[in-house]
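K.L.:
Starting off with a structure, shown below.
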Number of protein chains: 2
Amino acid sequence: MIRINIDKVSKKFNLSKDTLRYWERVGLLPSVHRNASGYRDYDQKDINWILYVNALRNAGMSIERLIEFVQSYRLEDSSNDKRKHLLIEQRQVLIDEVHEREKTINYLSYKIDHFEDHTLTYENEKLAYDYNSNDKKE
Amino acid sequence: MIRINIDKVSKKFNLSKDTLRYWERVGLLPSVHRNASGYRDYDQKDINWILYVNALRNAGMSIERLIEFVQSYRLEDSSNDKRKHLLIEQRQVLIDEVHEREKTINYLSYKIDHFEDHTLTYENEKLAYDYNSNDKKE
DNA sequence: ACTTGCCTTGGAGTACACTTCAAGGTTTAT
DNA sequence: ATAAACCTTGAAGTGTACTCCAAGGCAAGT
(Lines give C-alpha, C1' and ligand atoms only; values in the text may rest on other atoms or scores of the structure.)
Protein backbone atom coordinates (compact mmCIF):
# COMPACT_ATOMS: atom_id res chain seq x y z
CA MET A 1 0.00 0.00 0.00
CA ILE A 2 1.56 3.25 -1.19
CA ARG A 3 1.07 6.40 0.86
CA ILE A 4 2.53 9.62 -0.47
CA ASN A 5 1.99 13.13 0.83
CA ILE A 6 1.56 16.22 -1.32
CA ASP A 7 5.18 17.27 -0.94
CA LYS A 8 6.49 14.05 -2.45
CA VAL A 9 3.97 14.15 -5.31
CA SER A 10 4.89 17.76 -5.94
CA LYS A 11 8.57 16.85 -6.23
CA LYS A 12 7.92 13.67 -8.25
CA PHE A 13 6.10 15.57 -10.99
CA ASN A 14 7.74 18.94 -10.55
CA LEU A 15 4.33 20.50 -9.98
CA SER A 16 3.66 22.94 -7.16
CA LYS A 17 1.51 21.78 -4.26
CA ASP A 18 -0.86 24.60 -5.06
CA THR A 19 -1.23 23.33 -8.60
CA LEU A 20 -2.04 19.85 -7.32
CA ARG A 21 -4.68 21.26 -4.96
CA TYR A 22 -6.03 23.45 -7.76
CA TRP A 23 -6.31 20.53 -10.17
CA GLU A 24 -8.17 18.51 -7.58
CA ARG A 25 -10.45 21.40 -6.71
CA VAL A 26 -11.56 22.04 -10.29
CA GLY A 27 -12.24 18.34 -10.89
CA LEU A 28 -9.23 17.48 -12.94
CA LEU A 29 -8.15 14.84 -10.43
CA PRO A 30 -10.35 12.53 -8.39
CA SER A 31 -10.76 13.46 -4.73
CA VAL A 32 -7.65 12.29 -2.96
CA HIS A 33 -8.06 10.26 0.22
CA ARG A 34 -7.19 12.05 3.49
CA ASN A 35 -5.44 10.63 6.54
CA ALA A 36 -6.62 11.08 10.14
CA SER A 37 -5.31 14.66 10.21
CA GLY A 38 -7.06 15.65 7.01
CA TYR A 39 -3.83 15.56 4.99
CA ARG A 40 -3.88 14.32 1.40
CA ASP A 41 -2.67 10.74 1.08
CA TYR A 42 -2.03 9.86 -2.56
CA ASP A 43 -2.20 6.23 -3.73
CA GLN A 44 -0.95 4.59 -6.92
CA LYS A 45 -4.22 5.31 -8.72
CA ASP A 46 -3.91 9.02 -7.94
CA ILE A 47 -0.30 9.03 -9.08
CA ASN A 48 -1.27 7.55 -12.43
CA TRP A 49 -4.04 10.08 -12.93
CA ILE A 50 -1.54 12.83 -12.32
CA LEU A 51 0.84 11.25 -14.83
CA TYR A 52 -1.78 11.41 -17.58
CA VAL A 53 -3.20 14.76 -16.69
CA ASN A 54 0.27 16.22 -16.60
CA ALA A 55 1.14 14.67 -19.96
CA LEU A 56 -1.98 16.15 -21.52
CA ARG A 57 -1.39 19.54 -19.92
CA ASN A 58 2.18 19.55 -21.22
CA ALA A 59 0.79 18.76 -24.63
CA GLY A 60 -1.37 21.87 -24.43
CA MET A 61 -4.78 20.47 -23.54
CA SER A 62 -6.84 23.12 -21.75
CA ILE A 63 -8.10 22.64 -18.21
CA GLU A 64 -11.68 22.83 -19.44
CA ARG A 65 -11.19 20.07 -22.00
CA LEU A 66 -9.25 17.97 -19.52
CA ILE A 67 -12.09 18.19 -17.03
CA GLU A 68 -14.47 16.91 -19.73
CA PHE A 69 -11.96 14.22 -20.57
CA VAL A 70 -11.46 13.13 -16.97
CA GLN A 71 -15.19 13.23 -16.21
CA SER A 72 -16.12 11.06 -19.20
CA TYR A 73 -13.41 8.66 -18.15
CA ARG A 74 -14.85 8.12 -14.76
CA LEU A 75 -18.40 7.53 -15.93
CA GLU A 76 -18.20 3.88 -16.96
CA ASP A 77 -21.51 4.21 -18.79
CA SER A 78 -23.15 5.33 -22.01
CA SER A 79 -20.62 8.06 -22.69
CA ASN A 80 -18.28 5.67 -24.48
CA ASP A 81 -18.78 7.43 -27.78
CA LYS A 82 -18.17 10.78 -26.22
CA ARG A 83 -14.96 9.57 -24.64
CA LYS A 84 -13.66 8.14 -27.90
CA HIS A 85 -14.69 11.31 -29.71
CA LEU A 86 -12.78 13.44 -27.22
CA LEU A 87 -9.66 11.32 -27.67
CA ILE A 88 -9.79 11.53 -31.46
CA GLU A 89 -10.53 15.23 -31.41
CA GLN A 90 -7.69 16.03 -29.06
CA ARG A 91 -5.27 13.88 -31.06
CA GLN A 92 -6.14 15.95 -34.13
CA VAL A 93 -5.49 19.17 -32.22
CA LEU A 94 -2.06 17.85 -31.28
CA ILE A 95 -1.31 16.73 -34.85
CA ASP A 96 -2.21 20.20 -36.13
CA GLU A 97 0.01 21.81 -33.51
CA VAL A 98 2.90 19.56 -34.48
CA HIS A 99 2.48 20.62 -38.12
CA GLU A 100 2.42 24.29 -37.21
CA ARG A 101 5.56 23.88 -35.13
CA GLU A 102 7.34 21.89 -37.85
CA LYS A 103 6.62 24.64 -40.36
CA THR A 104 8.05 27.20 -38.00
CA ILE A 105 11.07 25.01 -37.18
CA ASN A 106 11.80 24.90 -40.92
CA TYR A 107 11.50 28.64 -41.14
CA LEU A 108 13.83 29.17 -38.19
CA SER A 109 16.30 26.67 -39.64
CA TYR A 110 16.30 28.59 -42.88
CA LYS A 111 16.98 31.81 -41.03
CA ILE A 112 19.78 30.20 -39.03
CA ASP A 113 21.40 28.69 -42.12
CA HIS A 114 21.25 31.98 -44.00
CA PHE A 115 22.20 33.99 -40.98
CA GLU A 116 25.21 35.69 -42.52
CA ASP A 117 23.36 36.48 -45.71
CA HIS A 118 22.48 40.13 -45.32
CA THR A 119 20.86 40.30 -48.73
CA LEU A 120 17.79 38.49 -47.40
CA THR A 121 14.68 40.55 -47.86
CA TYR A 122 11.28 40.16 -46.30
CA GLU A 123 10.18 38.73 -49.63
CA ASN A 124 12.86 36.06 -49.60
CA GLU A 125 11.93 35.04 -46.10
CA LYS A 126 8.28 34.85 -46.94
CA LEU A 127 9.12 32.55 -49.82
CA ALA A 128 11.24 30.39 -47.53
CA TYR A 129 8.42 30.04 -45.07
CA ASP A 130 5.85 29.28 -47.74
CA TYR A 131 8.16 26.83 -49.49
CA ASN A 132 8.68 24.81 -46.35
CA SER A 133 5.00 24.98 -45.69
CA ASN A 134 4.03 23.59 -49.08
CA ASP A 135 6.79 21.03 -48.81
CA LYS A 136 5.05 19.59 -45.79
CA LYS A 137 1.65 19.40 -47.40
CA GLU A 138 0.61 15.82 -48.14
CA MET B 1 2.71 50.95 -53.71
CA ILE B 2 0.48 48.85 -51.51
CA ARG B 3 -1.91 50.54 -49.11
CA ILE B 4 -4.01 48.37 -46.83
CA ASN B 5 -6.18 49.46 -43.96
CA ILE B 6 -6.51 47.62 -40.66
CA ASP B 7 -9.74 45.92 -41.66
CA LYS B 8 -8.16 44.23 -44.67
CA VAL B 9 -5.11 43.14 -42.67
CA SER B 10 -7.38 41.80 -39.97
CA LYS B 11 -9.27 39.70 -42.50
CA LYS B 12 -6.14 38.61 -44.37
CA PHE B 13 -4.58 37.10 -41.23
CA ASN B 14 -7.74 36.32 -39.31
CA LEU B 15 -6.51 38.47 -36.45
CA SER B 16 -8.76 40.99 -34.72
CA LYS B 17 -8.07 44.67 -35.27
CA ASP B 18 -7.58 44.99 -31.53
CA THR B 19 -4.89 42.32 -31.64
CA LEU B 20 -3.08 44.14 -34.45
CA ARG B 21 -3.19 47.41 -32.49
CA TYR B 22 -2.09 45.59 -29.34
CA TRP B 23 0.86 43.96 -31.08
CA GLU B 24 1.95 47.31 -32.46
CA ARG B 25 1.55 49.00 -29.09
CA VAL B 26 3.72 46.52 -27.19
CA GLY B 27 6.48 46.67 -29.80
CA LEU B 28 5.85 43.42 -31.56
CA LEU B 29 5.32 45.19 -34.87
CA PRO B 30 7.09 48.28 -36.18
CA SER B 31 5.09 51.51 -36.04
CA VAL B 32 2.74 51.44 -38.98
CA HIS B 33 2.58 54.50 -41.20
CA ARG B 34 -0.56 56.64 -40.90
CA ASN B 35 -2.42 58.41 -43.67
CA ALA B 36 -3.58 62.05 -43.57
CA SER B 37 -6.47 61.13 -41.27
CA GLY B 38 -4.30 59.25 -38.79
CA TYR B 39 -5.48 55.86 -40.01
CA ARG B 40 -3.04 52.95 -40.17
CA ASP B 41 -1.76 52.35 -43.68
CA TYR B 42 0.03 49.00 -43.89
CA ASP B 43 2.67 48.42 -46.57
CA GLN B 44 4.25 45.19 -47.84
CA LYS B 45 6.96 45.34 -45.19
CA ASP B 46 4.37 45.53 -42.42
CA ILE B 47 2.43 42.64 -43.93
CA ASN B 48 5.52 40.47 -43.94
CA TRP B 49 6.29 41.30 -40.33
CA ILE B 50 2.79 40.26 -39.41
CA LEU B 51 3.22 37.01 -41.32
CA TYR B 52 6.27 36.06 -39.27
CA VAL B 53 5.02 37.28 -35.96
CA ASN B 54 1.79 35.39 -36.48
CA ALA B 55 3.67 32.21 -37.44
CA LEU B 56 5.77 32.42 -34.29
CA ARG B 57 2.74 33.18 -32.12
CA ASN B 58 0.92 30.19 -33.59
CA ALA B 59 3.95 28.10 -32.78
CA GLY B 60 3.65 29.18 -29.16
CA MET B 61 6.32 31.86 -28.83
CA SER B 62 5.41 34.24 -26.00
CA ILE B 63 4.84 37.94 -26.61
CA GLU B 64 7.78 38.77 -24.37
CA ARG B 65 10.19 36.57 -26.33
CA LEU B 66 8.80 37.81 -29.61
CA ILE B 67 9.43 41.41 -28.59
CA GLU B 68 13.05 40.48 -27.87
CA PHE B 69 13.19 38.67 -31.17
CA VAL B 70 11.70 41.53 -33.15
CA GLN B 71 13.82 44.16 -31.38
CA SER B 72 17.08 42.31 -32.05
CA TYR B 73 16.00 41.99 -35.65
CA ARG B 74 15.61 45.67 -36.17
CA LEU B 75 18.94 46.62 -34.66
CA GLU B 76 21.23 45.97 -37.59
CA ASP B 77 24.27 46.14 -35.33
CA SER B 78 26.38 44.17 -32.89
CA SER B 79 23.50 42.04 -31.67
CA ASN B 80 24.01 39.50 -34.45
CA ASP B 81 25.08 36.86 -31.98
CA LYS B 82 22.09 37.51 -29.79
CA ARG B 83 19.77 37.27 -32.76
CA LYS B 84 21.23 33.98 -33.88
CA HIS B 85 21.13 32.70 -30.32
CA LEU B 86 17.46 33.58 -30.01
CA LEU B 87 16.68 31.76 -33.23
CA ILE B 88 18.50 28.60 -32.17
CA GLU B 89 17.02 28.71 -28.69
CA GLN B 90 13.47 29.11 -29.95
CA ARG B 91 13.93 26.35 -32.49
CA GLN B 92 14.93 24.02 -29.66
CA VAL B 93 11.85 25.00 -27.68
CA LEU B 94 9.70 24.10 -30.68
CA ILE B 95 11.53 20.79 -31.20
CA ASP B 96 10.96 19.88 -27.55
CA GLU B 97 7.29 20.77 -27.84
CA VAL B 98 6.94 18.62 -30.94
CA HIS B 99 8.44 15.68 -29.05
CA GLU B 100 6.11 16.18 -26.10
CA ARG B 101 3.12 16.29 -28.44
CA GLU B 102 4.26 13.24 -30.40
CA LYS B 103 4.51 11.27 -27.16
CA THR B 104 1.01 12.28 -26.25
CA ILE B 105 -0.30 11.56 -29.76
CA ASN B 106 1.07 8.02 -29.37
CA TYR B 107 -0.58 7.70 -26.01
CA LEU B 108 -3.93 8.88 -27.38
CA SER B 109 -3.59 6.55 -30.37
CA TYR B 110 -3.00 3.66 -28.04
CA LYS B 111 -6.10 4.59 -26.06
CA ILE B 112 -8.17 4.93 -29.24
CA ASP B 113 -6.97 1.59 -30.62
CA HIS B 114 -7.68 -0.19 -27.35
CA PHE B 115 -10.89 1.64 -26.79
CA GLU B 116 -13.10 -1.43 -26.48
CA ASP B 117 -10.66 -3.15 -24.16
CA HIS B 118 -12.20 -2.65 -20.75
CA THR B 119 -9.48 -4.65 -19.04
CA LEU B 120 -7.08 -1.70 -19.36
CA THR B 121 -5.83 -0.63 -15.98
CA TYR B 122 -4.02 2.51 -14.99
CA GLU B 123 -0.86 0.41 -14.88
CA ASN B 124 -1.33 -0.79 -18.45
CA GLU B 125 -1.88 2.71 -19.65
CA LYS B 126 1.17 3.99 -17.86
CA LEU B 127 3.23 1.30 -19.56
CA ALA B 128 1.76 2.26 -22.93
CA TYR B 129 2.70 5.86 -22.43
CA ASP B 130 6.19 5.06 -21.24
CA TYR B 131 6.69 2.55 -24.01
CA ASN B 132 5.83 5.05 -26.69
CA SER B 133 7.99 7.57 -24.97
CA ASN B 134 11.03 5.30 -24.89
CA ASP B 135 10.28 4.19 -28.41
CA LYS B 136 10.75 7.72 -29.56
CA LYS B 137 14.04 8.21 -27.78
CA GLU B 138 16.79 8.21 -30.40
C1' DA C 1 -26.53 68.24 -43.95
C1' DC C 2 -27.08 64.02 -42.02
C1' DT C 3 -26.74 59.22 -41.14
C1' DT C 4 -24.01 55.11 -41.21
C1' DG C 5 -19.88 53.13 -40.64
C1' DC C 6 -15.33 53.32 -40.64
C1' DC C 7 -11.04 54.81 -37.85
C1' DT C 8 -8.41 56.70 -33.55
C1' DT C 9 -6.93 56.57 -28.39
C1' DG C 10 -6.64 55.47 -23.43
C1' DG C 11 -8.21 52.76 -20.20
C1' DA C 12 -10.99 49.27 -18.19
C1' DG C 13 -12.51 44.44 -18.36
C1' DT C 14 -11.97 39.35 -19.32
C1' DA C 15 -10.32 34.43 -19.49
C1' DC C 16 -7.20 31.18 -18.16
C1' DA C 17 -4.28 28.92 -15.00
C1' DC C 18 -2.33 29.28 -11.50
C1' DT C 19 -0.16 31.60 -7.05
C1' DT C 20 -0.16 33.87 -2.78
C1' DC C 21 -2.14 34.99 1.57
C1' DA C 22 -4.29 34.53 6.08
C1' DA C 23 -5.69 31.88 9.74
C1' DG C 24 -5.31 27.95 11.91
C1' DG C 25 -4.51 22.75 12.93
C1' DT C 26 -0.63 18.82 13.11
C1' DT C 27 3.89 16.65 13.39
C1' DT C 28 8.73 16.50 14.47
C1' DA C 29 12.86 17.76 16.64
C1' DT C 30 15.03 19.67 20.66
C1' DA D 1 6.58 21.97 25.89
C1' DT D 2 7.73 24.87 22.56
C1' DA D 3 9.55 26.17 18.11
C1' DA D 4 10.00 24.94 13.31
C1' DA D 5 8.09 22.93 9.63
C1' DC D 6 4.54 20.68 7.84
C1' DC D 7 -0.58 20.46 6.38
C1' DT D 8 -5.57 22.46 5.64
C1' DT D 9 -9.16 25.91 3.55
C1' DG D 10 -11.34 29.93 1.26
C1' DA D 11 -10.44 33.88 -0.87
C1' DA D 12 -7.85 37.30 -2.98
C1' DG D 13 -4.04 38.39 -6.16
C1' DT D 14 -1.05 37.77 -10.45
C1' DG D 15 0.61 37.38 -15.31
C1' DT D 16 -0.39 36.80 -20.06
C1' DA D 17 -2.70 38.11 -23.97
C1' DC D 18 -5.94 39.85 -25.48
C1' DT D 19 -10.88 42.17 -25.80
C1' DC D 20 -14.16 45.62 -25.07
C1' DC D 21 -15.74 50.31 -24.24
C1' DA D 22 -16.30 55.33 -24.48
C1' DA D 23 -15.61 59.48 -26.73
C1' DG D 24 -14.68 61.47 -30.67
C1' DG D 25 -12.70 62.32 -35.57
C1' DC D 26 -13.14 61.09 -40.64
C1' DA D 27 -15.50 59.20 -45.03
C1' DA D 28 -19.09 57.87 -48.23
C1' DG D 29 -23.80 57.65 -49.65
C1' DT D 30 -28.41 60.05 -50.02
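Chain labels follow the order of the C-alpha coordinates: the first chain is A, the next B, and so on; residue numbering restarts at 1 in every chain, and ligands are counted from 1 in their shown order.
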Would you kindly report the residues of chain B within 10 Å of chain D, using only C-alpha atoms (C1' of nucleotides), as a ChimeraX atom specification?
P.N.:
/B:16,18-19,22-23,37-39,62-64
K.L.:
Residues of chain A within 6 Å of chain B, counting only C-alpha atoms, what are they? List them as a PyMOL selection string.
P.N.:
chain A and resi 59+91+98+101+105
K.L.:
Select, as a list in words, those residues of chain B with any atom no more than 12 Å from chain C (distances computed using only C-alpha atoms (C1' of nucleotides)).
P.N.:
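Listing them in order of chain and number gives Asn5, Ile6, Asp7, Lys17, Asp18, Arg21, Arg25, Arg34, Asn35, Ala36, Ser37, Gly38, Tyr39, Arg40 and Asp41 of chain B.
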K.L.:
Return as an MDAnalysis selection string the full set of residues in segment 19-129 of chain A whose backbone-based DSSP assignment is helix (DSSP H, G or I).
P.N.:
chainID A and resid 19:25 44:58 63:74 80:113 122:129
K.L.:
Just the number, please: distance in Å from atom CA of Val32 of chain A to atom CA of Arg3 of chain A, one decimal.
P.N.:
11.2 Å
